[in-house]
file protein_30.txt (compact mmCIF, C-alpha atoms and all ligand atoms)
# COMPACT_ATOMS: atom_id res chain seq x y z
CA MET V 1 -89.67 93.01 -61.47
CA ASN V 2 -87.09 95.66 -61.98
CA GLN V 3 -84.10 96.10 -64.24
CA ARG V 4 -81.74 94.66 -61.65
CA PHE V 5 -83.79 91.48 -61.48
CA PHE V 6 -83.39 90.98 -65.21
CA THR V 7 -79.71 91.79 -65.00
CA ASN V 8 -79.31 89.14 -62.33
CA LEU V 9 -81.39 86.68 -64.34
CA ARG V 10 -79.24 87.32 -67.40
CA PHE V 11 -76.13 86.74 -65.30
CA PHE V 12 -77.59 83.47 -64.00
CA LEU V 13 -78.33 82.30 -67.53
CA LEU V 14 -74.91 83.26 -68.77
CA VAL V 15 -73.01 81.66 -65.94
CA PHE V 16 -74.98 78.51 -65.37
CA LEU V 17 -76.79 77.68 -68.58
CA LEU V 18 -74.68 78.97 -71.43
CA PRO V 19 -71.13 78.18 -72.49
CA SER V 20 -68.74 80.70 -71.02
CA THR V 21 -67.59 82.22 -74.28
CA VAL V 22 -67.17 85.95 -74.74
CA GLY V 23 -66.39 87.20 -78.19
CA LEU V 24 -63.46 89.40 -77.29
CA PRO V 25 -59.79 88.66 -77.63
CA LEU V 26 -57.42 88.44 -74.75
CA ALA V 27 -54.66 90.90 -75.42
CA ILE V 28 -51.13 89.69 -75.10
CA SER V 29 -49.50 91.18 -72.07
CA THR V 30 -46.17 92.86 -72.37
CA ARG V 31 -44.44 93.95 -69.23
CA LEU V 32 -42.52 97.07 -69.92
CA HIS V 33 -42.10 100.46 -68.44
CA ALA V 34 -40.28 103.60 -69.31
CA GLN V 35 -38.42 106.34 -67.54
CA THR V 36 -40.53 109.07 -66.07
CA SER V 37 -40.59 112.66 -67.20
CA LEU V 38 -42.58 115.79 -66.47
CA PRO V 39 -45.98 116.02 -68.19
CA PRO V 40 -47.21 119.37 -69.52
CA SER V 41 -49.95 121.47 -67.98
CA VAL V 42 -49.04 120.89 -64.37
CA PRO V 43 -51.36 123.08 -62.30
CA SER V 44 -48.90 124.93 -60.10
CA SER V 45 -51.34 125.15 -57.22
CA VAL V 46 -51.62 121.38 -57.09
CA GLU V 47 -47.93 120.66 -56.84
CA SER V 48 -46.88 119.12 -53.60
CA ASP V 49 -44.29 120.27 -51.18
CA ALA V 50 -40.94 118.65 -51.71
CA THR V 51 -39.89 116.87 -48.59
CA ASN V 52 -37.92 113.83 -47.62
CA SER V 53 -39.31 110.36 -47.22
CA SER V 54 -39.04 110.04 -43.46
CA GLU V 55 -40.39 113.34 -42.16
CA ILE V 56 -43.78 114.65 -43.23
CA PRO V 57 -44.79 118.18 -42.13
CA PHE V 58 -47.69 118.21 -39.71
CA LEU V 59 -49.56 121.30 -38.51
CA THR V 60 -51.98 121.49 -35.60
CA TYR V 61 -54.33 124.16 -34.33
CA THR V 62 -56.34 123.68 -31.15
CA PRO V 63 -59.30 126.04 -30.75
CA LEU V 64 -60.63 126.72 -27.28
CA SER V 65 -63.97 124.97 -27.62
CA LEU V 66 -63.63 122.94 -30.79
CA PRO V 67 -61.76 119.74 -31.69
CA PRO V 68 -58.12 120.14 -32.79
CA ILE V 69 -57.57 120.45 -36.50
CA HIS V 70 -54.54 119.29 -38.50
CA ALA V 71 -52.79 119.45 -41.86
CA LEU V 72 -50.46 116.79 -43.22
CA GLY V 73 -47.97 117.33 -46.03
CA SER V 74 -47.24 121.04 -45.95
CA SER V 75 -45.84 123.55 -43.49
CA ASN V 76 -47.69 126.48 -45.07
CA LYS V 77 -49.59 127.97 -42.13
CA THR V 78 -51.43 130.57 -44.20
CA LEU V 79 -53.03 127.96 -46.45
CA PHE V 80 -53.82 125.84 -43.39
CA SER V 81 -55.54 128.83 -41.76
CA HIS V 82 -57.93 129.04 -44.73
CA PHE V 83 -58.90 125.41 -44.12
CA ILE V 84 -59.43 126.14 -40.43
CA THR V 85 -61.81 129.01 -41.14
CA HIS V 86 -63.59 126.91 -43.78
CA LYS V 87 -64.06 124.12 -41.26
CA TYR V 88 -64.85 126.42 -38.35
CA PRO V 89 -66.52 129.54 -39.84
CA THR V 90 -66.89 131.10 -36.40
CA LEU V 91 -63.10 131.50 -36.27
CA SER V 92 -62.95 134.43 -38.66
CA SER V 93 -59.29 135.10 -38.01
CA LEU V 94 -56.60 133.41 -35.99
CA PRO V 95 -52.96 134.17 -35.31
CA LEU V 96 -50.63 131.99 -37.33
CA SER V 97 -48.39 131.78 -34.28
CA ALA V 98 -51.08 129.64 -32.62
CA ILE V 99 -50.45 126.92 -35.21
CA THR V 100 -47.85 124.42 -34.09
CA THR V 101 -45.44 122.77 -36.50
CA SER V 102 -44.10 119.26 -36.19
CA ASN V 103 -43.16 116.27 -38.31
CA VAL V 104 -44.54 112.78 -38.47
CA ASN V 105 -43.19 109.68 -40.12
CA SER V 106 -44.94 106.80 -41.80
CA THR V 107 -45.43 104.89 -38.55
CA HIS V 108 -47.74 107.65 -37.29
CA LEU V 109 -49.96 107.67 -40.35
CA PRO V 110 -52.50 104.95 -39.41
CA SER V 111 -53.42 106.88 -36.27
CA LEU V 112 -54.27 109.93 -38.42
CA ILE V 113 -56.87 108.17 -40.57
CA PRO V 114 -59.77 108.80 -38.11
CA PHE V 115 -59.01 112.53 -38.24
CA PHE V 116 -59.29 112.54 -42.01
CA LYS V 117 -62.56 110.64 -41.81
CA ASN V 118 -64.08 113.10 -39.35
CA GLY V 119 -62.95 116.08 -41.39
CA THR V 120 -60.36 117.51 -39.01
CA LEU V 121 -57.31 116.54 -41.06
CA LEU V 122 -56.42 118.29 -44.28
CA LEU V 123 -54.14 116.40 -46.67
CA SER V 124 -52.16 119.31 -48.06
CA SER V 125 -50.57 117.52 -50.99
CA SER V 126 -51.12 114.59 -53.27
CA THR V 127 -48.15 112.85 -51.76
CA ALA V 128 -49.61 113.22 -48.26
CA ALA V 129 -52.85 111.70 -49.53
CA THR V 130 -50.88 108.89 -51.11
CA ALA V 131 -48.92 108.23 -47.94
CA LEU V 132 -52.03 108.11 -45.77
CA ARG V 133 -53.89 105.87 -48.16
CA ASN V 134 -50.86 103.65 -48.42
CA SER V 135 -50.68 103.23 -44.67
CA LEU V 136 -54.32 102.12 -44.66
CA THR V 137 -54.10 99.62 -47.50
CA ALA V 138 -50.72 98.31 -46.42
CA SER V 139 -52.15 97.42 -43.02
CA HIS V 140 -55.08 95.64 -44.71
CA ASN V 141 -53.06 93.89 -47.39
CA ARG V 142 -49.79 92.88 -45.85
CA THR V 143 -49.31 89.99 -48.23
CA THR V 144 -49.97 91.87 -51.45
CA THR V 145 -47.37 93.75 -53.44
CA ALA V 146 -47.54 97.44 -54.18
CA PHE V 147 -48.19 96.67 -57.82
CA GLU V 148 -51.10 94.40 -56.99
CA ARG V 149 -52.63 96.94 -54.60
CA LEU V 150 -52.55 99.50 -57.39
CA LEU V 151 -54.36 97.11 -59.72
CA GLN V 152 -56.92 96.48 -56.99
CA THR V 153 -57.55 100.18 -56.54
CA TYR V 154 -58.36 100.81 -60.17
CA SER V 155 -60.43 97.69 -60.66
CA ASP V 156 -62.36 98.62 -57.49
CA ARG V 157 -63.01 102.05 -58.86
CA ILE V 158 -64.36 100.95 -62.23
CA THR V 159 -66.73 98.52 -60.53
CA THR V 160 -68.13 101.29 -58.35
CA VAL V 161 -68.92 103.57 -61.26
CA ALA V 162 -72.67 103.93 -61.17
CA PHE V 163 -74.83 104.81 -64.12
CA ASN V 164 -78.24 104.15 -65.60
CA PRO V 165 -77.95 103.46 -69.36
CA ASN V 166 -81.43 104.75 -70.16
CA ASN V 167 -80.89 107.95 -68.22
CA LEU V 168 -77.56 108.51 -69.94
CA LYS V 169 -79.06 107.97 -73.37
CA GLY V 170 -81.84 110.39 -72.47
CA TYR V 171 -79.31 112.96 -71.35
CA LEU V 172 -77.35 112.58 -74.58
CA ALA V 173 -80.46 112.74 -76.75
CA ALA V 174 -81.31 116.07 -75.15
CA SER V 175 -77.86 117.62 -74.97
CA TYR V 176 -76.05 116.11 -77.93
CA ASN V 177 -78.05 115.14 -80.99
CA GLU V 178 -80.75 112.49 -81.02
CA THR V 179 -80.27 111.60 -84.68
CA GLU V 180 -76.50 111.35 -84.36
CA LEU V 181 -76.97 109.25 -81.25
CA LYS V 182 -79.20 106.75 -83.04
CA ILE V 183 -76.71 106.50 -85.88
CA LEU V 184 -73.84 105.95 -83.45
CA SER V 185 -75.78 103.32 -81.54
CA LYS V 186 -76.59 101.42 -84.75
CA GLN V 187 -72.99 101.65 -85.91
CA ILE V 188 -71.75 100.24 -82.59
CA LYS V 189 -74.18 97.33 -82.72
CA SER V 190 -73.25 96.66 -86.32
CA SER V 191 -69.55 96.79 -85.44
CA ASN V 192 -70.08 94.31 -82.60
CA ARG V 193 -71.60 91.83 -85.07
CA ARG V 194 -68.95 92.40 -87.70
CA LEU V 195 -66.39 89.71 -87.03
CA PHE V 196 -64.95 89.08 -90.47
CA ARG V 197 -65.96 91.99 -92.65
CA PRO V 198 -63.86 95.14 -93.26
CA PRO V 199 -63.95 97.89 -90.60
CA SER V 200 -66.44 100.71 -90.50
CA ALA V 201 -64.97 104.16 -91.18
CA PRO V 202 -68.26 105.96 -90.41
CA LEU V 203 -68.14 104.68 -86.84
CA THR V 204 -64.77 106.30 -86.28
CA ALA V 205 -66.17 109.54 -87.72
CA SER V 206 -69.17 109.36 -85.39
CA LEU V 207 -66.88 108.82 -82.40
CA ARG V 208 -64.87 111.88 -83.42
CA ASP V 209 -68.11 113.90 -83.44
CA LEU V 210 -69.02 112.59 -79.98
CA LEU V 211 -65.61 113.49 -78.56
CA SER V 212 -65.80 116.97 -80.11
CA PHE V 213 -69.09 117.45 -78.29
CA PHE V 214 -67.42 116.17 -75.16
CA LYS V 215 -64.47 118.50 -75.40
CA SER V 216 -66.66 121.57 -75.95
CA ASN V 217 -69.06 120.72 -73.11
CA TYR V 218 -66.75 119.37 -70.44
CA ALA V 219 -63.98 121.81 -69.66
CA TYR V 220 -60.93 120.49 -67.85
CA TYR V 221 -60.89 121.88 -64.33
CA TYR V 222 -57.59 123.24 -63.10
CA SER V 223 -58.08 125.56 -60.15
CA SER V 224 -60.21 128.49 -61.28
CA CYS V 225 -62.36 130.19 -58.67
CA PRO V 226 -66.07 129.52 -59.36
CA SER V 227 -66.89 133.06 -58.31
CA CYS V 228 -64.34 135.25 -60.14
CA THR V 229 -62.55 132.66 -62.34
CA CYS V 230 -59.14 133.70 -60.97
CA GLU V 231 -56.65 130.92 -60.38
CA SER V 232 -57.00 129.84 -56.77
CA ASP V 233 -54.63 128.12 -54.37
CA PHE V 234 -54.90 124.42 -53.72
CA LEU V 235 -55.42 123.89 -49.98
CA GLY V 236 -55.63 120.11 -49.94
CA PHE V 237 -57.96 117.15 -49.72
CA THR V 238 -60.72 116.71 -47.19
CA VAL V 239 -63.64 114.30 -46.86
CA PRO V 240 -66.86 114.99 -48.79
CA ASN V 241 -69.46 116.76 -46.67
CA ALA V 242 -72.94 115.37 -45.99
CA THR V 243 -74.46 116.87 -49.14
CA GLU V 244 -71.66 115.60 -51.35
CA SER V 245 -71.87 112.14 -49.81
CA SER V 246 -75.63 112.04 -50.32
CA LEU V 247 -75.08 112.77 -54.02
CA ASP V 248 -72.39 110.11 -54.38
CA ALA V 249 -71.68 107.69 -51.55
CA THR V 250 -68.63 106.33 -53.38
CA SER V 251 -66.85 109.69 -53.44
CA THR V 252 -63.99 109.60 -50.95
CA ARG V 253 -62.41 113.01 -51.13
CA CYS V 254 -62.97 116.62 -51.99
CA GLU V 255 -60.40 119.19 -53.06
CA LEU V 256 -60.38 122.61 -51.45
CA TYR V 257 -59.23 125.82 -53.14
CA HIS V 258 -58.79 129.34 -51.83
CA CYS V 259 -59.16 132.45 -53.97
CA ALA V 260 -57.00 135.39 -52.84
CA SER V 261 -58.99 137.86 -54.96
CA CYS V 262 -62.32 136.92 -53.41
CA HIS V 263 -60.69 136.87 -49.97
CA ALA V 264 -59.40 140.44 -50.47
CA ALA V 265 -62.84 141.55 -51.66
CA GLY V 266 -64.55 140.06 -48.60
CA ARG V 267 -66.37 137.40 -50.62
CA PRO V 268 -66.49 133.69 -49.70
CA ALA V 269 -63.06 132.55 -50.79
CA THR V 270 -62.91 128.77 -50.32
CA SER V 271 -64.41 126.51 -52.96
CA ARG V 272 -64.91 122.77 -52.97
CA PHE V 273 -64.32 120.30 -55.77
CA PRO V 274 -65.77 116.91 -54.75
CA ARG V 275 -64.44 114.08 -56.88
CA TYR V 276 -67.51 112.19 -58.02
CA ASN V 277 -67.74 108.69 -59.47
CA ASN V 278 -71.47 108.95 -60.01
CA VAL V 279 -71.97 109.63 -63.69
CA THR V 280 -75.18 111.58 -63.20
CA GLN V 281 -73.38 113.97 -60.87
CA ILE V 282 -70.64 114.47 -63.44
CA THR V 283 -73.20 115.40 -66.10
CA ILE V 284 -74.79 117.86 -63.67
CA THR V 285 -71.65 119.55 -62.39
CA ARG V 286 -69.66 119.24 -65.64
CA LYS V 287 -66.64 119.84 -63.49
CA GLY V 288 -63.84 117.35 -63.69
CA ARG V 289 -60.56 116.15 -65.00
CA CYS V 290 -59.51 113.04 -66.81
CA GLY V 291 -60.85 110.87 -63.97
CA GLU V 292 -64.42 112.12 -64.20
CA TYR V 293 -64.52 112.52 -67.96
CA SER V 294 -63.03 109.14 -68.78
CA VAL V 295 -65.57 107.52 -66.48
CA LEU V 296 -68.40 109.47 -68.14
CA LEU V 297 -67.29 108.51 -71.64
CA TYR V 298 -66.89 104.90 -70.47
CA ALA V 299 -70.48 104.90 -69.19
CA ILE V 300 -71.87 106.60 -72.30
CA LEU V 301 -70.27 104.09 -74.65
CA ARG V 302 -71.37 101.14 -72.51
CA SER V 303 -74.90 102.56 -72.52
CA LEU V 304 -74.76 102.57 -76.32
CA GLY V 305 -73.78 98.92 -76.35
CA ALA V 306 -70.07 99.26 -77.03
CA ASN V 307 -67.38 97.10 -75.47
CA VAL V 308 -65.30 99.59 -73.53
CA ARG V 309 -62.48 99.47 -71.06
CA TRP V 310 -60.98 102.04 -68.75
CA VAL V 311 -57.28 102.69 -69.20
CA VAL V 312 -54.98 103.96 -66.47
CA ASP V 313 -51.48 105.33 -66.82
CA TRP V 314 -49.19 105.61 -63.83
CA ARG V 315 -45.49 105.94 -63.33
CA TYR V 316 -42.88 105.05 -60.80
CA ALA V 317 -41.16 107.55 -58.61
CA THR V 318 -39.26 107.58 -55.39
CA ALA V 319 -41.47 108.34 -52.42
CA TRP V 320 -41.96 112.06 -51.91
CA ALA V 321 -40.44 112.77 -55.28
CA CYS V 322 -43.81 112.06 -56.84
CA HIS V 323 -44.72 115.72 -56.78
CA THR V 324 -42.56 116.25 -59.82
CA PHE V 325 -44.89 114.10 -61.86
CA VAL V 326 -48.27 115.21 -60.59
CA HIS V 327 -50.52 116.10 -63.47
CA THR V 328 -53.91 115.81 -61.84
CA PRO V 329 -54.82 114.88 -58.30
CA CYS V 330 -57.78 112.85 -59.49
CA MET V 331 -56.68 109.40 -58.42
CA LEU V 332 -55.33 107.65 -55.41
CA ALA V 333 -51.98 105.97 -55.61
CA LEU V 334 -51.26 103.49 -52.94
CA CYS V 335 -47.64 102.62 -52.69
CA SER V 336 -44.61 104.35 -51.36
CA HIS V 337 -42.58 103.70 -54.47
CA VAL V 338 -45.29 103.94 -57.12
CA CYS V 339 -46.35 107.36 -58.20
CA ARG V 340 -49.94 108.35 -58.61
CA SER V 341 -51.99 107.91 -61.74
CA ASP V 342 -51.08 110.47 -64.29
CA HIS V 343 -53.86 110.16 -66.81
CA VAL V 344 -56.88 108.01 -67.63
CA TRP V 345 -58.82 107.45 -70.82
CA VAL V 346 -60.84 104.68 -72.48
CA GLU V 347 -60.54 102.16 -75.27
CA VAL V 348 -63.45 100.96 -77.38
CA TRP V 349 -63.63 97.73 -79.35
CA ILE V 350 -64.26 98.67 -82.99
CA GLU V 351 -62.77 97.62 -86.26
CA ARG V 352 -61.73 94.36 -84.64
CA ARG V 353 -59.30 96.07 -82.30
CA TRP V 354 -59.18 98.25 -79.21
CA VAL V 355 -59.19 101.92 -80.24
CA HIS V 356 -57.87 104.69 -78.01
CA LEU V 357 -60.31 107.50 -77.04
CA ASP V 358 -59.28 110.44 -74.85
CA PRO V 359 -62.20 112.74 -73.96
CA CYS V 360 -59.97 115.42 -72.44
CA GLU V 361 -57.82 115.64 -75.54
CA ASN V 362 -60.55 115.06 -78.15
CA ALA V 363 -58.32 112.29 -79.44
CA VAL V 364 -59.46 109.21 -81.37
CA ASP V 365 -56.97 106.48 -82.13
CA GLU V 366 -53.87 108.48 -81.23
CA PRO V 367 -51.96 106.14 -78.92
CA SER V 368 -48.70 108.03 -79.45
CA LEU V 369 -50.29 111.22 -78.09
CA TYR V 370 -48.75 110.93 -74.65
CA GLN V 371 -45.26 110.46 -75.95
CA HIS V 372 -45.74 113.70 -77.84
CA TRP V 373 -46.39 115.36 -74.50
CA GLY V 374 -42.74 114.72 -73.79
CA LYS V 375 -43.27 112.02 -71.22
CA ASN V 376 -42.55 108.38 -71.36
CA ILE V 377 -45.10 105.87 -70.24
CA THR V 378 -44.33 103.69 -67.23
CA ASN V 379 -47.41 101.51 -66.98
CA VAL V 380 -50.65 101.49 -68.91
CA VAL V 381 -53.26 98.99 -67.78
CA ALA V 382 -56.79 98.47 -69.10
CA PHE V 383 -59.67 97.41 -66.83
CA GLU V 384 -62.64 95.78 -68.50
CA VAL V 385 -65.94 94.79 -66.92
CA ARG V 386 -67.34 91.90 -68.91
CA THR V 387 -70.68 90.29 -68.23
CA TRP V 388 -69.43 87.98 -65.54
CA ARG V 389 -65.75 88.70 -65.09
CA GLY V 390 -63.18 91.45 -64.82
CA VAL V 391 -60.22 91.53 -67.16
CA ILE V 392 -56.92 93.34 -66.60
CA THR V 393 -54.72 93.87 -69.65
CA ASP V 394 -51.29 95.44 -69.84
CA ARG V 395 -51.23 98.04 -72.61
CA THR V 396 -47.90 99.73 -71.95
CA SER V 397 -46.27 98.70 -75.22
CA VAL V 398 -49.19 100.15 -77.21
CA TYR V 399 -48.64 103.62 -75.75
CA SER V 400 -44.89 103.62 -75.34
CA GLU V 401 -42.14 103.16 -77.88
CA ASP V 402 -39.35 103.68 -75.42
CA ALA V 403 -39.85 101.20 -72.64
CA THR V 404 -37.50 99.68 -70.13
CA MET V 405 -38.01 96.88 -67.68
CA ARG V 406 -40.18 97.33 -64.62
CA GLU V 407 -38.88 97.41 -61.10
CA GLU V 408 -40.78 94.22 -60.31
CA SER V 409 -39.82 90.82 -61.62
CA GLU V 410 -41.86 89.27 -64.39
CA GLU V 411 -43.15 86.72 -61.90
CA GLU V 412 -44.24 89.35 -59.42
CA VAL V 413 -46.12 91.30 -62.09
CA ALA V 414 -47.76 88.21 -63.57
CA GLU V 415 -48.77 86.94 -60.13
CA GLY V 416 -50.11 90.38 -59.18
CA GLU V 417 -52.21 90.59 -62.32
CA VAL V 418 -53.67 87.12 -61.89
CA ARG V 419 -54.60 87.71 -58.26
CA ALA V 420 -55.96 91.21 -58.92
CA GLU V 421 -58.01 89.88 -61.81
CA LYS V 422 -59.57 87.17 -59.63
CA ARG V 423 -60.55 89.81 -57.11
CA PHE V 424 -61.83 92.04 -59.92
CA THR V 425 -64.00 89.16 -61.19
CA ARG V 426 -65.46 88.57 -57.73
CA ARG V 427 -66.43 92.23 -57.55
CA VAL V 428 -68.00 92.16 -61.01
CA ARG V 429 -70.11 89.14 -60.01
CA ARG V 430 -71.21 90.81 -56.79
CA MET V 431 -72.12 93.86 -58.84
CA ARG V 432 -74.23 91.74 -61.20
CA TRP V 433 -76.08 90.32 -58.23
CA GLY V 434 -76.70 93.79 -56.89
CA ARG V 435 -74.39 93.35 -53.90
CA GLU V 436 -72.03 96.09 -55.07
CA GLY V 437 -72.77 99.56 -56.36
CA GLY V 438 -71.97 100.15 -59.99
CA GLU V 439 -73.33 99.92 -63.50
CA LEU V 440 -77.11 100.04 -62.96
CA ILE V 441 -78.48 102.34 -60.31
ZN ZN V 501 -62.46 134.29 -56.65

call {"tool": "encode", "arguments": {"input": "protein_30.txt", "output": "structure tokens"}}
result
Amino acid sequence: MNQRFFTNLRFFLLVFLLPSTVGLPLAISTRLHAQTSLPPSVPSSVESDATNSSEIPFLTYTPLSLPPIHALGSSNKTLFSHFITHKYPTLSSLPLSAITTSNVNSTHLPSLIPFFKNGTLLLSSSTAATALRNSLTASHNRTTTAFERLLQTYSDRITTVAFNPNNLKGYLAASYNETELKILSKQIKSSNRRLFRPPSAPLTASLRDLLSFFKSNYAYYYSSCPSCTCESDFLGFTVPNATESSLDATSTRCELYHCASCHAAGRPATSRFPRYNNVTQITITRKGRCGEYSVLLYAILRSLGANVRWVVDWRYATAWACHTFVHTPCMLALCSHVCRSDHVWVEVWIERRWVHLDPCENAVDEPSLYQHWGKNITNVVAFEVRTWRGVITDRTSVYSEDATMREESEEEVAEGEVRAEKRFTRRVRRMRWGREGGELI
């Protein structure tokens, strides 16, 4: 008799024995998007190479007794050489002239996926990662639209977030404040029961305290060297190594950085930044961006009994022009014409409405925040894991005052959301039955 058994039993009771009512409102969808603009705080080392849509730079180096090694998305041989020596430490130095330069187009991309999986292909830019991922999902989902594939990606991710509520509460009791935590937990439970009474101001105050703790304990990672704290150069994305995979099997990529100062001083110069979904790992490493920290806050609030949803913002851009809009490389975008995710945060159900919470910005109920950054919102979509179903809600109009119509037709968007939500629900049910990772571990 373990916790998962009782979770499954509860699911059985809810689905088969009880009326299927859930006390949360369905938000009204509005289908709007705005023009894109450059967000602030763009880490220069993460910006992608500008290139055209048909030709993608491709570098190859073939050692004498080792498998060939490649880089996609940049023609910078020096940065590629740092990846080569990181991958093959026995090659302490190599002539850049031995690296061959070519171009590939999108038709070649599927054949490169095995090289990424075995660690011999570096994705040198976010756009290269996007293009490769797109080629994979497009081949698997020929009948789905780009918009729907994007919805699938994010709903997949939130259902693979793994956390143990009791462990998280224990962590918070030790690192935050046990008394404050008990107060917050009581306030959340009280708020959940409060259907008709006036809202609770103390709960908002408690959430502000929690986010202040968050902001002071979870620094936003840009590209600083872990050894000397100098800004380091972004080399690209590679697969997690065996250790990283053993810590989080759902992690699919790791960022590599190279520190010129450490390199000049003869110290190890290449550092790794695995992108974890596992909440425990995030609390251990305390290294992340909006992706990690929004997931952690999501898990913390769910552990405390709150109704929470994960909110994703992404914007449109022409293929290979996406680099202009890259804010963080924390997410995968899937489509040639849809830019990557720009930011993620959470919403919590209090005071009879969904309230915006941004752990990276220490922001509570400030939905206009992102417009103040000088960027217009293209798409904001909330993903909610309920007891037995997944819910996708368009929130663009809440975060954007200056919206224009989407590229897709209303029908295409509506159809995409319905189909993605059905798939999302199937995943949530598999998760409840213990057939998918996520929630309880
Ligand atoms: Zn350094």

call {"tool": "residues_around", "arguments": {"input": "protein_30.txt", "residues": "Ser216 (chain V)", "least_positions_apart": "2", "cutoff": "12 Å", "atoms": "only C-alpha atoms", "output": "PyMOL selection string"}}
result
chain V and resi 175-176+209-214+218-220+286+359-362

call {"tool": "residues_around", "arguments": {"input": "protein_30.txt", "residues": "region 112-121 of chain V", "least_positions_apart": "3", "cutoff": "9 Å", "atoms": "all atoms listed in the file", "output": "list in words"}}
result
Pro67, Pro68, Ile69, His70, Ala71, Leu72, Ile84, Lys87, His108, Leu109, Leu132, Arg133, Ser135, Leu136, Phe237, Thr238, Val239, Pro240 and Asn241 of chain V

call {"tool": "residues_near_point", "arguments": {"input": "protein_30.txt", "point": "(-65.7, 136.2, -52.1)", "cutoff": "12 Å", "atoms": "all atoms listed in the file", "output": "PyMOL selection string"}}
result
chain V and resi 225-230+232+258-271

call {"tool": "write_last_selection", "arguments": {"input": "protein_30.txt", "atoms": "C-alpha atoms", "output": "PDB file, in the coordinates of the input"}}
result
ATOM      1  CA  CYS V 225     -62.360 130.190 -58.670  1.00  0.00           C
ATOM      2  CA  PRO V 226     -66.070 129.520 -59.360  1.00  0.00           C
ATOM      3  CA  SER V 227     -66.890 133.060 -58.310  1.00  0.00           C
ATOM      4  CA  CYS V 228     -64.340 135.250 -60.140  1.00  0.00           C
ATOM      5  CA  THR V 229     -62.550 132.660 -62.340  1.00  0.00           C
ATOM      6  CA  CYS V 230     -59.140 133.700 -60.970  1.00  0.00           C
ATOM      7  CA  SER V 232     -57.000 129.840 -56.770  1.00  0.00           C
ATOM      8  CA  HIS V 258     -58.790 129.340 -51.830  1.00  0.00           C
ATOM      9  CA  CYS V 259     -59.160 132.450 -53.970  1.00  0.00           C
ATOM     10  CA  ALA V 260     -57.000 135.390 -52.840  1.00  0.00           C
ATOM     11  CA  SER V 261     -58.990 137.860 -54.960  1.00  0.00           C
ATOM     12  CA  CYS V 262     -62.320 136.920 -53.410  1.00  0.00           C
ATOM     13  CA  HIS V 263     -60.690 136.870 -49.970  1.00  0.00           C
ATOM     14  CA  ALA V 264     -59.400 140.440 -50.470  1.00  0.00           C
ATOM     15  CA  ALA V 265     -62.840 141.550 -51.660  1.00  0.00           C
ATOM     16  CA  GLY V 266     -64.550 140.060 -48.600  1.00  0.00           C
ATOM     17  CA  ARG V 267     -66.370 137.400 -50.620  1.00  0.00           C
ATOM     18  CA  PRO V 268     -66.490 133.690 -49.700  1.00  0.00           C
ATOM     19  CA  ALA V 269     -63.060 132.550 -50.790  1.00  0.00           C
ATOM     20  CA  THR V 270     -62.910 128.770 -50.320  1.00  0.00           C
ATOM     21  CA  SER V 271     -64.410 126.510 -52.960  1.00  0.00           C
TER      22      SER V 271
END

call {"tool": "closest_residue", "arguments": {"input": "protein_30.txt", "among": "V:Ser124, V:Thr153, V:Asn167, V:Asn379", "to": "Ile56 (chain V)", "atoms": "all atoms listed in the file"}}
result
V:Ser124

call {"tool": "atom_distance", "arguments": {"input": "protein_30.txt", "atom1": "CA of Pro57 (chain V)", "atom2": "CA of Val104 (chain V)"}}
result
6.5 Å

call {"tool": "atom_distance", "arguments": {"input": "protein_30.txt", "atom1": "CA of His86 (chain V)", "atom2": "CA of Thr107 (chain V)"}}
result
29.0 Å

call {"tool": "residues_around", "arguments": {"input": "protein_30.txt", "residues": "region 342-349 of chain V", "least_positions_apart": "6", "cutoff": "6 Å", "atoms": "only C-alpha atoms", "output": "list in words"}}
result
Cys290, Ser294, Asn307, Val308, Arg309, Trp310, Val311, Val312, Asp313, Trp314, His327, Val355, His356, Leu357 and Asp358 of chain V

call {"tool": "atom_distance", "arguments": {"input": "protein_30.txt", "atom1": "CA of Ser126 (chain V)", "atom2": "CA of Gly73 (chain V)"}}
result
8.4 Å

call {"tool": "closest_residue", "arguments": {"input": "protein_30.txt", "among": "V:Asn166, V:Thr425, V:Asn217, V:Ser191", "to": "Arg353 (chain V)", "atoms": "all atoms listed in the file"}}
result
V:Ser191

call {"tool": "closest_residue", "arguments": {"input": "protein_30.txt", "among": "V:Ser397, V:Thr250, V:Ser303, V:Ser409", "to": "Leu184 (chain V)", "atoms": "all atoms listed in the file"}}
result
V:Ser303

call {"tool": "closest_residue", "arguments": {"input": "protein_30.txt", "among": "V:Val380, V:Ile183, V:Glu231, V:Trp388", "to": "ligand ZN 501 (chain V)", "atoms": "all atoms listed in the file"}}
result
V:Glu231

call {"tool": "residues_around", "arguments": {"input": "protein_30.txt", "residues": "Leu181 (chain V)", "least_positions_apart": "3", "cutoff": "10 Å", "atoms": "only C-alpha atoms", "output": "MDAnalysis selection string"}}
result
chainID V and resid 169 172:173 176:178 184:187 206 210 304

call {"tool": "residues_near_point", "arguments": {"input": "protein_30.txt", "point": "(-47.2, 88.2, -61.0)", "cutoff": "12 Å", "atoms": "all atoms listed in the file", "output": "list in words"}}
result
Ser29, Arg31, Thr144, Thr145, Ala146, Phe147, Glu148, Leu151, Glu408, Ser409, Glu410, Glu411, Glu412, Val413, Ala414, Glu415, Gly416, Glu417, Val418, Arg419, Ala420 and Glu421 of chain V

call {"tool": "closest_residue", "arguments": {"input": "protein_30.txt", "among": "V:Leu247, V:Leu256, V:Val295, V:Leu66", "to": "Arg157 (chain V)", "atoms": "only C-alpha atoms"}}
result
V:Val295

call {"tool": "closest_residue", "arguments": {"input": "protein_30.txt", "among": "V:Trp354, V:Phe383, V:Tyr257, V:Phe273", "to": "ligand ZN 501 (chain V)", "atoms": "all atoms listed in the file"}}
result
V:Tyr257
